[in-house]
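*Asks:* Handing you a structure now.
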Amino acid sequence: MWVQALDIILERMKASGFDFSQVLALSGAGQQHGSVYWKAGASRVLTSLSPDLLLHKQLQACFSIRDSPVWMDSSTTVQCRRLEAAVGGAQALSCLTGSRAYERFTGNQIAKIYQQNPEAYAHTERISLVSSFAASLFLGSYAPIDYSDGSGMNLLQIQDKVWSQVCLRACAPHLEEKLGSPVPSCSVLGAISSYFVQRYGFPAGCKVVAFTGDNPASLAGMKLEEGDIAVSLGTSDTLFLWLQEPMPALEGHIFCNPVDAQHYMALLCFKNGSLMREKIRDESASCSWSDFSEALRSTEMGNSGNLGFYFDVMEITPEITGRHRFSAENRQVSAFPGAVEIRALIEGQFMAKRIHAEGLGYRVSNAQDKDSGHWRGISQQRHLTGACRCVWRPSICHRHCQLSLCGLRIPSFPWSTRTFSHSTPSLSRESCPRPRGLQSEFLRPRHPTLRRTCSSWTAGILFPVRRDSAYPSDSSWCCLELPETHLSASP
């Protein structure tokens, strides 16, 4: 299916008159934690492709496993426990590979295939990630796995950038030769396959740069730097950030940095994301995002001390379920009024992030308190972004400034269905929402139960989209807010 999809894309580009001869280099990203299993003899097919035939017609017999395991497969719990036991426990594995054993991680998926389908495993000559698989198609030979995507496998030693022998042995035999040697994410792998030169007109000298995972590619594509942090709001909320000195933990993931091989990136995933927000909208705002927004406008920053954490499905970070509400007096309560419930949800979700980021090594310093840049593309949801800023850094949340003050970097783009105007006026400092009676201590977990419930501080919101094809200058990074119709949409 993936190969045929690439055929369709390239054929449509060719039919539309796209000038492939102008492409000097290419790279890409693939969904992290997926794996592809090449059958013995597939390498010969890759190196001898006929330009007269589509790729999927020539490669359809080249895979020992027809259906690729992807991140949605959580059926490898037994393999995870075995892997952790082999290295001395979950924390030991996290220190070694950047994460404790996770069911969707590729090493555990490989272990399951070896145990349940040993014949197919024996007939596999190469195992690719989705990213290196796609790169292999363009390269015309097996592309190596890059450090950053490879560190999402529970197999790579993130400090030494080599496969962990103890992890390999715990998963399957002869695994190192099936994976090949990992390479830096910025590696030039070679020239494009002659198949693409002859069929589509790519220049023979077009370079193929190592592909990486979708999460590392987001860090690179958004031009994050050390001290920056990003949160995307989707079906699952995802937080990722640049780290120099990581502290691997039992929750969250540390990957090799795709931009600087000497640094790292951290990633946290929160399952109760937009679907949880939609549930509270339906219950407390008559299924209306407009009423949801009005509830946020009508309640004070800090929610008068009321705090809530909402996990209708088993959360990933941390592992917990249920709805947990606390009054200003630190007493657990069974319900909040509608508007209070909505603000408790929003502030609680953001508070469920920051302490986990700090636990992985992220630090907010006063040096980041800058008053630079300007705002563009401001929607009518100013109160939402204002709430996010106040949770992240309450003492300065009223300031009009570039969000690098919060450790955030946000490209200027209108998250709106309306046409963007380059003449959109910047907001003045006075027009930014100010908290009413909010104190820094107010949002700090004030109660042992709160810390056990969510173990949390929070990060701010980031909506990473670019206005044009060039990187924006530093002055055009700015704060961005959601219009009502896209409140639960993922970037």
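Every chain in the structure tokens takes a letter, A first, then B, and so on in the order presented; its residues are numbered from 1, and the ligands are numbered from 1 following the presented order.
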Taking a cut-off of 9 Å and counting only C-alpha atoms, can you build a table that, for each residue of range 232-287 of chain A near range 305-321 of chain A, reports the nearest atom pair and how far apart they are in Å (one decimal), sorted by chain then residue number, as a tab-separated table?
*Replies:*
```
residue	atom	partner	partner_atom	distance
A:Glu251	CA	A:Thr317	CA	6.1
A:Gly252	CA	A:Thr317	CA	7.1
A:Leu268	CA	A:Thr317	CA	7.3
A:Cys269	CA	A:Ile316	CA	6.7
A:Phe270	CA	A:Ile316	CA	5.8
A:Lys271	CA	A:Glu315	CA	5.5
A:Asn272	CA	A:Phe311	CA	5.9
A:Met276	CA	A:Asp312	CA	7.1
```
*Asks:* Produce a file of the selected residues containing N, CA and C atoms, as a PDB file, in the first residue's frame.
*Replies:*
```pdb
ATOM      1  N   GLU A 251       8.570   7.564  32.647  1.00  0.00           N
ATOM      2  CA  GLU A 251       7.544   8.147  31.792  1.00  0.00           C
ATOM      3  C   GLU A 251       8.203   9.049  30.764  1.00  0.00           C
ATOM      4  N   GLY A 252       7.680   9.013  29.548  1.00  0.00           N
ATOM      5  CA  GLY A 252       8.237   9.838  28.485  1.00  0.00           C
ATOM      6  C   GLY A 252       9.381   9.135  27.771  1.00  0.00           C
ATOM      7  N   LEU A 268       6.744  13.454  25.133  1.00  0.00           N
ATOM      8  CA  LEU A 268       5.724  12.953  26.044  1.00  0.00           C
ATOM      9  C   LEU A 268       4.401  12.888  25.294  1.00  0.00           C
ATOM     10  N   CYS A 269       3.663  11.832  25.514  1.00  0.00           N
ATOM     11  CA  CYS A 269       2.378  11.667  24.851  1.00  0.00           C
ATOM     12  C   CYS A 269       1.281  11.527  25.897  1.00  0.00           C
ATOM     13  N   PHE A 270       0.184  12.251  25.703  1.00  0.00           N
ATOM     14  CA  PHE A 270      -0.941  12.241  26.620  1.00  0.00           C
ATOM     15  C   PHE A 270      -2.190  11.812  25.845  1.00  0.00           C
ATOM     16  N   LYS A 271      -2.715  10.651  26.186  1.00  0.00           N
ATOM     17  CA  LYS A 271      -3.783  10.052  25.394  1.00  0.00           C
ATOM     18  C   LYS A 271      -5.085  10.832  25.497  1.00  0.00           C
ATOM     19  N   ASN A 272      -5.378  11.400  26.664  1.00  0.00           N
ATOM     20  CA  ASN A 272      -6.634  12.136  26.863  1.00  0.00           C
ATOM     21  C   ASN A 272      -6.480  13.562  26.352  1.00  0.00           C
ATOM     22  N   MET A 276     -11.083  14.192  24.996  1.00  0.00           N
ATOM     23  CA  MET A 276     -11.480  14.579  26.352  1.00  0.00           C
ATOM     24  C   MET A 276     -12.046  15.999  26.343  1.00  0.00           C
TER      25      MET A 276
END
```
*Asks:* Residues within 6 Å of His253 in chain A, please, as a VMD selection string. Count only C-alpha atoms; anything in the same chain fewer than 5 positions from it doesn't count.
*Replies:* chain A and resid 98 to 99 266 to 267
*Asks:* Can you list, as number ranges by chain, every protein, DNA or RNA residue that comes within 9 Å of Val130 in chain A when you count only C-alpha atoms, leaving out same-chain residues fewer than 4 positions away?
*Replies:* A: 29-36, 68, 70, 134-135, 212-213
*Asks:* Per DSSP on the backbone, what are the strand (DSSP E) residues of range 33-72 of chain A, as a list in words?
*Replies:*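 These are the residues in question: Ser35, Val36, Tyr37, Trp38 and Lys39 of chain A.
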*Asks:* One decimal, in Å: what's the spacing between CA of Asp52 in chain A and CA of Ile9 in chain A?
*Replies:*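 Computing it gives 16.7 Å between the two atoms.
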*Asks:* If we count only C-alpha atoms, what is near Val87 in chain A at a cut-off of 12 Å, once residues fewer than 5 positions away on the same chain are taken out, given as a list in words?
*Replies:*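 Contacts, in chain order: Cys80, Arg81, Arg82, Ala92, Leu93, Ser94, Cys95, Leu96, Thr97, Arg100, Ala101, Asn154, Leu155, Ser164, Gln165, Val166, Cys167, Leu168, Arg169, Ala170 and Cys171 of chain A.
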*Asks:* Selection from above, N, CA and C atoms, as a PDB file, in the first residue's frame, can you write it?
*Replies:*
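Generated output (part03.pdb):
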```
ATOM      1  N   CYS A  80       7.703  -6.787  26.290  1.00  0.00           N
ATOM      2  CA  CYS A  80       8.229  -5.626  27.018  1.00  0.00           C
ATOM      3  C   CYS A  80       8.791  -6.032  28.372  1.00  0.00           C
ATOM      4  N   ARG A  81       8.039  -6.865  29.092  1.00  0.00           N
ATOM      5  CA  ARG A  81       8.500  -7.278  30.419  1.00  0.00           C
ATOM      6  C   ARG A  81       9.782  -8.112  30.320  1.00  0.00           C
ATOM      7  N   ARG A  82       9.872  -8.921  29.293  1.00  0.00           N
ATOM      8  CA  ARG A  82      11.086  -9.731  29.100  1.00  0.00           C
ATOM      9  C   ARG A  82      12.286  -8.844  28.804  1.00  0.00           C
ATOM     10  N   ALA A  92      16.564   0.901  34.185  1.00  0.00           N
ATOM     11  CA  ALA A  92      17.836   0.582  33.530  1.00  0.00           C
ATOM     12  C   ALA A  92      17.681   0.642  32.017  1.00  0.00           C
ATOM     13  N   LEU A  93      16.557   0.132  31.507  1.00  0.00           N
ATOM     14  CA  LEU A  93      16.317   0.186  30.063  1.00  0.00           C
ATOM     15  C   LEU A  93      16.138   1.622  29.602  1.00  0.00           C
ATOM     16  N   SER A  94      15.460   2.432  30.408  1.00  0.00           N
ATOM     17  CA  SER A  94      15.266   3.834  30.057  1.00  0.00           C
ATOM     18  C   SER A  94      16.593   4.576  29.996  1.00  0.00           C
ATOM     19  N   CYS A  95      17.456   4.330  30.959  1.00  0.00           N
ATOM     20  CA  CYS A  95      18.773   4.979  30.957  1.00  0.00           C
ATOM     21  C   CYS A  95      19.593   4.553  29.742  1.00  0.00           C
ATOM     22  N   LEU A  96      19.397   3.328  29.307  1.00  0.00           N
ATOM     23  CA  LEU A  96      20.171   2.794  28.190  1.00  0.00           C
ATOM     24  C   LEU A  96      19.632   3.266  26.844  1.00  0.00           C
ATOM     25  N   THR A  97      18.315   3.138  26.660  1.00  0.00           N
ATOM     26  CA  THR A  97      17.711   3.393  25.342  1.00  0.00           C
ATOM     27  C   THR A  97      16.855   4.648  25.278  1.00  0.00           C
ATOM     28  N   ARG A 100      11.570   3.303  28.862  1.00  0.00           N
ATOM     29  CA  ARG A 100      11.262   1.974  29.343  1.00  0.00           C
ATOM     30  C   ARG A 100      10.646   1.196  28.193  1.00  0.00           C
ATOM     31  N   ALA A 101      10.378  -0.066  28.382  1.00  0.00           N
ATOM     32  CA  ALA A 101       9.818  -0.861  27.289  1.00  0.00           C
ATOM     33  C   ALA A 101       8.380  -0.434  27.000  1.00  0.00           C
ATOM     34  N   ASN A 154      13.687   0.992  21.532  1.00  0.00           N
ATOM     35  CA  ASN A 154      14.148   0.249  22.716  1.00  0.00           C
ATOM     36  C   ASN A 154      15.352  -0.619  22.385  1.00  0.00           C
ATOM     37  N   LEU A 155      16.119  -0.224  21.390  1.00  0.00           N
ATOM     38  CA  LEU A 155      17.281  -1.025  20.978  1.00  0.00           C
ATOM     39  C   LEU A 155      18.572  -0.223  20.899  1.00  0.00           C
ATOM     40  N   SER A 164      22.285  -1.756  21.280  1.00  0.00           N
ATOM     41  CA  SER A 164      22.580  -2.407  22.565  1.00  0.00           C
ATOM     42  C   SER A 164      22.577  -3.922  22.354  1.00  0.00           C
ATOM     43  N   GLN A 165      23.691  -4.545  22.617  1.00  0.00           N
ATOM     44  CA  GLN A 165      23.789  -5.987  22.396  1.00  0.00           C
ATOM     45  C   GLN A 165      22.851  -6.762  23.309  1.00  0.00           C
ATOM     46  N   VAL A 166      22.696  -6.312  24.542  1.00  0.00           N
ATOM     47  CA  VAL A 166      21.813  -7.034  25.461  1.00  0.00           C
ATOM     48  C   VAL A 166      20.362  -6.920  25.003  1.00  0.00           C
ATOM     49  N   CYS A 167      19.983  -5.778  24.466  1.00  0.00           N
ATOM     50  CA  CYS A 167      18.615  -5.609  23.973  1.00  0.00           C
ATOM     51  C   CYS A 167      18.386  -6.430  22.705  1.00  0.00           C
ATOM     52  N   LEU A 168      19.368  -6.431  21.824  1.00  0.00           N
ATOM     53  CA  LEU A 168      19.241  -7.232  20.606  1.00  0.00           C
ATOM     54  C   LEU A 168      19.042  -8.699  20.943  1.00  0.00           C
ATOM     55  N   ARG A 169      19.873  -9.211  21.859  1.00  0.00           N
ATOM     56  CA  ARG A 169      19.772 -10.629  22.229  1.00  0.00           C
ATOM     57  C   ARG A 169      18.439 -10.943  22.880  1.00  0.00           C
ATOM     58  N   ALA A 170      17.893  -9.980  23.626  1.00  0.00           N
ATOM     59  CA  ALA A 170      16.621 -10.214  24.310  1.00  0.00           C
ATOM     60  C   ALA A 170      15.447 -10.249  23.334  1.00  0.00           C
ATOM     61  N   CYS A 171      15.612  -9.661  22.143  1.00  0.00           N
ATOM     62  CA  CYS A 171      14.500  -9.575  21.193  1.00  0.00           C
ATOM     63  C   CYS A 171      14.508 -10.705  20.177  1.00  0.00           C
TER      64      CYS A 171
END
```
*Asks:* Which is closer to Trp71 in chain A than all the others in A:Ile355, A:Asp214, A:Val188, A:Ala15, using only C-alpha atoms?
*Replies:* A:Asp214
*Asks:* For Ala191 in chain A, list every protein, DNA or RNA residue within 12 Å, evaluated using only C-alpha atoms, and leave out those in the same chain fewer than 3 positions away; present the list as a list in words.
*Replies:*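 Once the adjacent positions are removed, what remains is Val23, Leu24, Ala25, Leu26, Ser27, Ala135, Ser136, Leu137, Phe138, Leu139, Gly140, Ser141, Ala143, Val188, Ser194, Tyr195, Phe196, Val197, Phe202, Pro203, Ala204, Gly205, Cys206, Lys207, Val208, Val209 and Ala210 of chain A.
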*Asks:* Suppose you want the space between CA of Ser187 in chain A and CA of Ser132 in chain A; what is it in Å?
*Replies:*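 So the two atoms, CA of Ser187 in chain A and CA of Ser132 in chain A, lie 12.1 Å apart.
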*Asks:* Fewer than 5 positions away in the same chain doesn't count, so skip those; otherwise give me all residues within 10 Å of Tyr121 in chain A, counting only C-alpha atoms, as a count of residues only.
*Replies:* 17
*Asks:* Taking into account only C-alpha atoms, which residue in the set A:Glu84, A:Glu278, A:Glu225, A:Glu329 is nearest to Leu345 in chain A?
*Replies:*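 Checking each candidate against Leu345 in chain A, we get A:Glu278 as the closest.
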*Asks:* When you count only C-alpha atoms, which of these residues is closest to Leu54 in chain A: A:Ala217, A:Leu239, A:Ala5, A:Met247?
*Replies:*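 Result for the nearest residue to Leu54 in chain A: A:Ala5.
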